[in-house]
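What follows is a single structure, written as structure tokens, with notes after it.
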Amino acid sequence: MTYTETLHKLATDTEAQVLTSFRSWQEGNITQADFLAVSSAFLAAGGNRATGLADLSLAAFLSAATGRAVPTLGIVPPEVDHRPELATIAATTGVDLAEQYATHARAVTLATAQDAYGQAMTERSVPGWTRVLNGGACPLCQDLAGAVLPGDAPMYHHKGCGCTQRPVLNQRRESA
Ligand SMILES: [Zn+2]
């Protein structure tokens, strides 16, 4: 599996965990406070895994490209209490809550990986990167694809954006 595929599988796993705890709350098996705490922990764990995956993926890319064994950086994501945002969703009326939580869980996991990959490229002084689209990429992301940006340029990502970064080590050769 490619990095993008593995990341999307991870986002799907996190989404399923949050939805399982959402259903437990809806069925009256756990309290709302428990749901918020458990789901926040799932999102944090998913963020840790996404960060490790991004770190490892860049190290593997550089190992293959340079023929040297490049170790991971051991990047740790910022500590986030996800409960306030989860509570805000719970208080929203007129929406399909399960769908909202599914979208939120995916988006948080994907964004955490995008941030970690960007941080890793900056720390390693990677000269450039280009956007890799996921299957259902929106028109804006499709417009942004193809360009090579500086390695420390932040990645634009909308909520739920499933695009990933790919390093470009020799910009002249790639854009020719
Ligand atoms: Zn995108």
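Each chain in the structure tokens gets a letter, A, B, ..., in the order shown, and its residues are numbered from 1; ligands are numbered from 1 in order too.
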
May I have the residues within 12 Å of Ala107 (chain A) as a PyMOL selection string, using only C-alpha atoms and disregarding those fewer than 6 positions away in the same chain?
chain A and resi 7-8+10-12+14-15+43+46-47+50+100-101+113-114+157-163

Contacts of Pro77 (chain A) at 10 Å or less, counting only C-alpha atoms, minus same-chain residues fewer than 2 places along, as a JSON list (two decimals) with N, CA and C atoms, in the first residue's frame?
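The file below, selection-v4.json, is the result:
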```
[["chain", "number", "residue", "atom", "x", "y", "z"],
["A", 44, "ALA", "N", -6.95, 11.21, 19.45],
["A", 44, "ALA", "CA", -5.55, 11.44, 19.84],
["A", 44, "ALA", "C", -4.68, 10.25, 19.40],
["A", 47, "GLY", "N", -4.23, 10.35, 15.75],
["A", 47, "GLY", "CA", -3.27, 11.40, 15.42],
["A", 47, "GLY", "C", -1.83, 10.95, 15.66],
["A", 48, "ASN", "N", -1.63, 10.20, 16.73],
["A", 48, "ASN", "CA", -0.29, 9.66, 17.01],
["A", 48, "ASN", "C", 0.15, 8.71, 15.89],
["A", 49, "ARG", "N", -0.77, 7.84, 15.49],
["A", 49, "ARG", "CA", -0.45, 6.87, 14.43],
["A", 49, "ARG", "C", -0.22, 7.59, 13.10],
["A", 50, "ALA", "N", -1.05, 8.59, 12.81],
["A", 50, "ALA", "CA", -0.92, 9.34, 11.56],
["A", 50, "ALA", "C", 0.43, 10.07, 11.52],
["A", 51, "THR", "N", 0.83, 10.62, 12.67],
["A", 51, "THR", "CA", 2.10, 11.33, 12.74],
["A", 51, "THR", "C", 3.26, 10.37, 12.53],
["A", 52, "GLY", "N", 3.20, 9.22, 13.19],
["A", 52, "GLY", "CA", 4.25, 8.21, 13.02],
["A", 52, "GLY", "C", 4.33, 7.72, 11.58],
["A", 74, "GLY", "N", 10.99, 10.89, 14.93],
["A", 74, "GLY", "CA", 10.30, 10.73, 16.22],
["A", 74, "GLY", "C", 9.39, 11.90, 16.52],
["A", 75, "ILE", "N", 8.75, 12.42, 15.48],
["A", 75, "ILE", "CA", 7.85, 13.57, 15.66],
["A", 75, "ILE", "C", 6.64, 13.17, 16.52],
["A", 79, "GLU", "N", -0.43, 18.07, 21.64],
["A", 79, "GLU", "CA", -1.46, 17.46, 22.48],
["A", 79, "GLU", "C", -2.76, 18.26, 22.34],
["A", 80, "VAL", "N", -3.81, 17.61, 21.91],
["A", 80, "VAL", "CA", -5.08, 18.29, 21.68],
["A", 80, "VAL", "C", -6.17, 17.61, 22.50],
["A", 112, "THR", "N", -3.78, 15.84, 10.66],
["A", 112, "THR", "CA", -2.64, 15.61, 11.55],
["A", 112, "THR", "C", -1.46, 15.04, 10.76],
["A", 113, "ALA", "N", -1.75, 14.13, 9.84],
["A", 113, "ALA", "CA", -0.68, 13.55, 9.00],
["A", 113, "ALA", "C", -0.08, 14.61, 8.08],
["A", 115, "ASP", "N", 0.07, 17.83, 8.56],
["A", 115, "ASP", "CA", 0.90, 18.74, 9.38],
["A", 115, "ASP", "C", 2.23, 18.07, 9.74],
["A", 116, "ALA", "N", 2.17, 16.79, 10.12],
["A", 116, "ALA", "CA", 3.39, 16.08, 10.53],
["A", 116, "ALA", "C", 4.35, 15.92, 9.35],
["A", 119, "GLN", "N", 5.97, 19.21, 8.76],
["A", 119, "GLN", "CA", 6.98, 19.48, 9.79],
["A", 119, "GLN", "C", 8.25, 18.67, 9.53]]
```

Contacts of Val148 (chain A) within 7 Å, only C-alpha atoms, excl. fewer than 6 positions in-chain, as an MDAnalysis selection string:
chainID A and resid 128:130

Please measure the separation of CA of Asp81 (chain A) and CA of Val18 (chain A), giving the value in Å to one decimal.
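It comes out at 14.7 Å.
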
Near region 56-66 of chain A, within 9 Å and counting only C-alpha atoms, which residues show up once chain neighbours fewer than 5 positions away are dropped, as a VMD selection string?
chain A and resid 3 51 71 to 74 117 120 to 121 166 to 167 169

Selected residues written out with all heavy atoms, as a JSON list (two decimals), in the first residue's frame:
```
[["chain", "number", "residue", "atom", "x", "y", "z"],
["A", 3, "TYR", "N", 1.66, 5.32, 0.81],
["A", 3, "TYR", "CA", 1.44, 6.16, 1.99],
["A", 3, "TYR", "C", 0.01, 6.67, 2.03],
["A", 3, "TYR", "O", -0.68, 6.61, 3.05],
["A", 3, "TYR", "CB", 2.45, 7.32, 1.97],
["A", 3, "TYR", "CG", 2.13, 8.45, 2.92],
["A", 3, "TYR", "CD1", 1.99, 8.20, 4.29],
["A", 3, "TYR", "CD2", 1.99, 9.75, 2.46],
["A", 3, "TYR", "CE1", 1.70, 9.23, 5.17],
["A", 3, "TYR", "CE2", 1.70, 10.78, 3.33],
["A", 3, "TYR", "CZ", 1.56, 10.53, 4.68],
["A", 3, "TYR", "OH", 1.27, 11.55, 5.54],
["A", 51, "THR", "N", 0.83, 10.62, 12.67],
["A", 51, "THR", "CA", 2.10, 11.33, 12.74],
["A", 51, "THR", "C", 3.26, 10.37, 12.53],
["A", 51, "THR", "O", 4.20, 10.66, 11.78],
["A", 51, "THR", "CB", 2.22, 12.04, 14.11],
["A", 51, "THR", "OG1", 1.15, 12.97, 14.22],
["A", 51, "THR", "CG2", 3.54, 12.76, 14.24],
["A", 71, "PRO", "N", 16.79, 7.43, 9.34],
["A", 71, "PRO", "CA", 15.90, 7.12, 10.47],
["A", 71, "PRO", "C", 14.73, 8.11, 10.57],
["A", 71, "PRO", "O", 14.80, 9.20, 10.00],
["A", 71, "PRO", "CB", 16.82, 7.26, 11.69],
["A", 71, "PRO", "CG", 17.88, 8.22, 11.27],
["A", 71, "PRO", "CD", 18.04, 8.07, 9.77],
["A", 72, "THR", "N", 13.70, 7.71, 11.29],
["A", 72, "THR", "CA", 12.59, 8.64, 11.51],
["A", 72, "THR", "C", 13.03, 9.73, 12.48],
["A", 72, "THR", "O", 14.03, 9.59, 13.18],
["A", 72, "THR", "CB", 11.36, 7.91, 12.10],
["A", 72, "THR", "OG1", 11.76, 7.26, 13.30],
["A", 72, "THR", "CG2", 10.81, 6.89, 11.12],
["A", 73, "LEU", "N", 12.26, 10.81, 12.54],
["A", 73, "LEU", "CA", 12.59, 11.93, 13.42],
["A", 73, "LEU", "C", 11.98, 11.76, 14.81],
["A", 73, "LEU", "O", 12.38, 12.43, 15.76],
["A", 73, "LEU", "CB", 12.08, 13.25, 12.81],
["A", 73, "LEU", "CG", 12.73, 13.67, 11.49],
["A", 73, "LEU", "CD1", 11.90, 14.78, 10.83],
["A", 73, "LEU", "CD2", 14.15, 14.15, 11.73],
["A", 74, "GLY", "N", 10.99, 10.89, 14.93],
["A", 74, "GLY", "CA", 10.30, 10.73, 16.22],
["A", 74, "GLY", "C", 9.39, 11.90, 16.52],
["A", 74, "GLY", "O", 9.26, 12.33, 17.67],
["A", 117, "TYR", "N", 3.80, 15.60, 8.18],
["A", 117, "TYR", "CA", 4.65, 15.42, 7.00],
["A", 117, "TYR", "C", 5.33, 16.75, 6.66],
["A", 117, "TYR", "O", 6.52, 16.78, 6.32],
["A", 117, "TYR", "CB", 3.81, 14.92, 5.82],
["A", 117, "TYR", "CG", 4.60, 14.14, 4.80],
["A", 117, "TYR", "CD1", 4.59, 12.76, 4.80],
["A", 117, "TYR", "CD2", 5.34, 14.80, 3.82],
["A", 117, "TYR", "CE1", 5.32, 12.04, 3.86],
["A", 117, "TYR", "CE2", 6.07, 14.09, 2.88],
["A", 117, "TYR", "CZ", 6.06, 12.71, 2.90],
["A", 117, "TYR", "OH", 6.78, 11.99, 1.97],
["A", 120, "ALA", "N", 8.07, 17.40, 9.15],
["A", 120, "ALA", "CA", 9.23, 16.53, 8.90],
["A", 120, "ALA", "C", 10.03, 17.05, 7.71],
["A", 120, "ALA", "O", 11.27, 17.07, 7.75],
["A", 120, "ALA", "CB", 8.76, 15.10, 8.66],
["A", 121, "MET", "N", 9.35, 17.50, 6.64],
["A", 121, "MET", "CA", 10.07, 18.02, 5.48],
["A", 121, "MET", "C", 10.84, 19.29, 5.84],
["A", 121, "MET", "O", 11.98, 19.49, 5.39],
["A", 121, "MET", "CB", 9.10, 18.31, 4.33],
["A", 121, "MET", "CG", 8.60, 17.05, 3.64],
["A", 121, "MET", "SD", 7.81, 17.39, 2.03],
["A", 121, "MET", "CE", 6.42, 18.39, 2.54],
["A", 166, "ARG", "N", 4.27, 14.76, -1.61],
["A", 166, "ARG", "CA", 5.37, 13.91, -2.08],
["A", 166, "ARG", "C", 6.60, 14.79, -2.26],
["A", 166, "ARG", "O", 6.53, 15.82, -2.95],
["A", 166, "ARG", "CB", 5.03, 13.23, -3.41],
["A", 166, "ARG", "CG", 6.19, 12.34, -3.90],
["A", 166, "ARG", "CD", 6.00, 11.84, -5.31],
["A", 166, "ARG", "NE", 4.86, 10.96, -5.41],
["A", 166, "ARG", "CZ", 3.96, 11.02, -6.41],
["A", 166, "ARG", "NH1", 4.06, 11.93, -7.32],
["A", 166, "ARG", "NH2", 2.96, 10.17, -6.43],
["A", 167, "PRO", "N", 7.71, 14.42, -1.65],
["A", 167, "PRO", "CA", 8.91, 15.25, -1.75],
["A", 167, "PRO", "C", 9.42, 15.31, -3.19],
["A", 167, "PRO", "O", 9.27, 14.35, -3.94],
["A", 167, "PRO", "CB", 9.94, 14.52, -0.87],
["A", 167, "PRO", "CG", 9.15, 13.57, -0.03],
["A", 167, "PRO", "CD", 7.92, 13.23, -0.81],
["A", 169, "LEU", "N", 13.02, 16.10, -4.73],
["A", 169, "LEU", "CA", 14.40, 16.34, -4.29],
["A", 169, "LEU", "C", 15.19, 17.10, -5.34],
["A", 169, "LEU", "O", 16.15, 17.78, -5.03],
["A", 169, "LEU", "CB", 15.08, 15.00, -3.96],
["A", 169, "LEU", "CG", 14.36, 14.18, -2.90],
["A", 169, "LEU", "CD1", 15.12, 12.90, -2.60],
["A", 169, "LEU", "CD2", 14.16, 14.97, -1.61]]
```

Backbone DSSP call of strand (DSSP E or B) for region 54-165 of chain A, listed as number ranges by chain
A: 128-132, 148-150, 164-165

For the selection just defined, write its residues with all heavy atoms to a file, as a PDB file, in the first residue's frame.
```
ATOM      1  N   GLY A 128      11.641  20.619  -1.922  1.00  0.00           N
ATOM      2  CA  GLY A 128      10.326  20.918  -2.481  1.00  0.00           C
ATOM      3  C   GLY A 128       9.374  19.749  -2.312  1.00  0.00           C
ATOM      4  O   GLY A 128       9.772  18.655  -1.921  1.00  0.00           O
ATOM      5  N   TRP A 129       8.116  20.024  -2.578  1.00  0.00           N
ATOM      6  CA  TRP A 129       7.116  18.936  -2.527  1.00  0.00           C
ATOM      7  C   TRP A 129       5.987  19.241  -3.496  1.00  0.00           C
ATOM      8  O   TRP A 129       5.781  20.389  -3.906  1.00  0.00           O
ATOM      9  CB  TRP A 129       6.568  18.732  -1.114  1.00  0.00           C
ATOM     10  CG  TRP A 129       5.799  19.908  -0.554  1.00  0.00           C
ATOM     11  CD1 TRP A 129       6.315  20.963   0.137  1.00  0.00           C
ATOM     12  CD2 TRP A 129       4.384  20.136  -0.644  1.00  0.00           C
ATOM     13  NE1 TRP A 129       5.306  21.836   0.476  1.00  0.00           N
ATOM     14  CE2 TRP A 129       4.118  21.354   0.016  1.00  0.00           C
ATOM     15  CE3 TRP A 129       3.327  19.436  -1.210  1.00  0.00           C
ATOM     16  CZ2 TRP A 129       2.827  21.882   0.113  1.00  0.00           C
ATOM     17  CZ3 TRP A 129       2.033  19.957  -1.114  1.00  0.00           C
ATOM     18  CH2 TRP A 129       1.805  21.175  -0.447  1.00  0.00           C
ATOM     19  N   THR A 130       5.260  18.188  -3.852  1.00  0.00           N
ATOM     20  CA  THR A 130       4.118  18.337  -4.741  1.00  0.00           C
ATOM     21  C   THR A 130       2.932  17.576  -4.163  1.00  0.00           C
ATOM     22  O   THR A 130       3.099  16.640  -3.377  1.00  0.00           O
ATOM     23  CB  THR A 130       4.474  17.853  -6.172  1.00  0.00           C
ATOM     24  OG1 THR A 130       3.413  18.189  -7.052  1.00  0.00           O
ATOM     25  CG2 THR A 130       4.693  16.347  -6.205  1.00  0.00           C
ATOM     26  N   ARG A 131       1.733  18.004  -4.538  1.00  0.00           N
ATOM     27  CA  ARG A 131       0.502  17.448  -3.969  1.00  0.00           C
ATOM     28  C   ARG A 131       0.108  16.156  -4.679  1.00  0.00           C
ATOM     29  O   ARG A 131       0.064  16.102  -5.903  1.00  0.00           O
ATOM     30  CB  ARG A 131      -0.609  18.492  -4.118  1.00  0.00           C
ATOM     31  CG  ARG A 131      -1.994  18.067  -3.682  1.00  0.00           C
ATOM     32  CD  ARG A 131      -2.972  19.208  -3.879  1.00  0.00           C
ATOM     33  NE  ARG A 131      -2.664  20.321  -3.010  1.00  0.00           N
ATOM     34  CZ  ARG A 131      -3.313  20.595  -1.866  1.00  0.00           C
ATOM     35  NH1 ARG A 131      -4.316  19.848  -1.482  1.00  0.00           N
ATOM     36  NH2 ARG A 131      -2.961  21.617  -1.118  1.00  0.00           N
ATOM     37  N   VAL A 132      -0.194  15.125  -3.884  1.00  0.00           N
ATOM     38  CA  VAL A 132      -0.719  13.879  -4.435  1.00  0.00           C
ATOM     39  C   VAL A 132      -2.210  13.849  -4.127  1.00  0.00           C
ATOM     40  O   VAL A 132      -2.613  13.897  -2.961  1.00  0.00           O
ATOM     41  CB  VAL A 132      -0.034  12.644  -3.808  1.00  0.00           C
ATOM     42  CG1 VAL A 132      -0.618  11.355  -4.376  1.00  0.00           C
ATOM     43  CG2 VAL A 132       1.478  12.700  -4.031  1.00  0.00           C
ATOM     44  N   VAL A 148       5.219  22.466  -7.878  1.00  0.00           N
ATOM     45  CA  VAL A 148       6.230  22.102  -6.883  1.00  0.00           C
ATOM     46  C   VAL A 148       6.441  23.305  -5.979  1.00  0.00           C
ATOM     47  O   VAL A 148       6.783  24.389  -6.439  1.00  0.00           O
ATOM     48  CB  VAL A 148       7.558  21.689  -7.548  1.00  0.00           C
ATOM     49  CG1 VAL A 148       8.613  21.407  -6.485  1.00  0.00           C
ATOM     50  CG2 VAL A 148       7.351  20.467  -8.435  1.00  0.00           C
ATOM     51  N   LEU A 149       6.179  23.098  -4.688  1.00  0.00           N
ATOM     52  CA  LEU A 149       6.301  24.177  -3.713  1.00  0.00           C
ATOM     53  C   LEU A 149       7.567  23.993  -2.890  1.00  0.00           C
ATOM     54  O   LEU A 149       8.090  22.874  -2.801  1.00  0.00           O
ATOM     55  CB  LEU A 149       5.077  24.165  -2.785  1.00  0.00           C
ATOM     56  CG  LEU A 149       3.723  24.382  -3.477  1.00  0.00           C
ATOM     57  CD1 LEU A 149       2.590  24.140  -2.497  1.00  0.00           C
ATOM     58  CD2 LEU A 149       3.647  25.797  -4.034  1.00  0.00           C
ATOM     59  N   PRO A 150       8.075  25.071  -2.276  1.00  0.00           N
ATOM     60  CA  PRO A 150       9.235  24.934  -1.395  1.00  0.00           C
ATOM     61  C   PRO A 150       8.938  23.940  -0.259  1.00  0.00           C
ATOM     62  O   PRO A 150       7.788  23.814   0.175  1.00  0.00           O
ATOM     63  CB  PRO A 150       9.434  26.343  -0.827  1.00  0.00           C
ATOM     64  CG  PRO A 150       8.723  27.250  -1.779  1.00  0.00           C
ATOM     65  CD  PRO A 150       7.598  26.455  -2.371  1.00  0.00           C
ATOM     66  N   THR A 164      -2.031  14.203  -0.056  1.00  0.00           N
ATOM     67  CA  THR A 164      -0.787  14.032   0.698  1.00  0.00           C
ATOM     68  C   THR A 164       0.338  14.747  -0.053  1.00  0.00           C
ATOM     69  O   THR A 164       0.166  15.154  -1.202  1.00  0.00           O
ATOM     70  CB  THR A 164      -0.428  12.537   0.857  1.00  0.00           C
ATOM     71  OG1 THR A 164      -0.432  11.919  -0.427  1.00  0.00           O
ATOM     72  CG2 THR A 164      -1.422  11.824   1.765  1.00  0.00           C
ATOM     73  N   GLN A 165       1.481  14.891   0.622  1.00  0.00           N
ATOM     74  CA  GLN A 165       2.646  15.520   0.019  1.00  0.00           C
ATOM     75  C   GLN A 165       3.608  14.447  -0.501  1.00  0.00           C
ATOM     76  O   GLN A 165       3.751  13.402   0.113  1.00  0.00           O
ATOM     77  CB  GLN A 165       3.387  16.385   1.045  1.00  0.00           C
ATOM     78  CG  GLN A 165       2.555  17.484   1.680  1.00  0.00           C
ATOM     79  CD  GLN A 165       2.078  17.128   3.077  1.00  0.00           C
ATOM     80  OE1 GLN A 165       1.556  16.056   3.329  1.00  0.00           O
ATOM     81  NE2 GLN A 165       2.255  18.046   4.017  1.00  0.00           N
TER      82      GLN A 165
END
```

Expected answer as JSON, numbers by chain: helix (DSSP H, G or I) residues in chain A:
{"A": [3, 4, 5, 6, 7, 8, 9, 10, 11, 12, 13, 14, 15, 16, 17, 18, 19, 20, 21, 22, 23, 24, 25, 26, 32, 33, 34, 35, 36, 37, 38, 39, 40, 41, 42, 43, 44, 45, 46, 47, 48, 49, 50, 51, 52, 53, 54, 55, 56, 57, 58, 59, 60, 61, 62, 63, 64, 65, 66, 83, 84, 85, 86, 87, 88, 89, 90, 97, 98, 99, 100, 101, 102, 103, 104, 105, 106, 107, 108, 109, 110, 111, 112, 113, 114, 115, 116, 117, 118, 119, 120, 121, 122, 123, 139, 140, 141, 142, 143, 144, 171, 172, 173, 174, 175]}

Distance of CA of Glu27 (chain A) from CA of Pro84 (chain A), expressed in Å to one decimal place:
21.8 Å

Out of A:Leu110, A:Leu36, A:Ala98, A:Met1, which residue has the shortest atom-to-atom distance to ligand 1 when counting only C-alpha atoms and all ligand atoms?
A:Leu110

Between A:Ala33, A:Ala137, A:Val108, A:Ala145, which one has atoms that come closest to ligand 1, using only C-alpha atoms and all ligand atoms?
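Using only C-alpha atoms and all ligand atoms, the shortest distance to ligand 1 belongs to A:Ala137.
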
Need the shell around Ala16 (chain A): protein/DNA/RNA residues with any atom at most 10 Å away, counting only C-alpha atoms. Skip same-chain ones fewer than 6 positions apart. Format as a list in words?
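My list of contacting residues is Leu10, Phe22, Phe42, Tyr101, Ala102, Ala105 and Arg106 of chain A.
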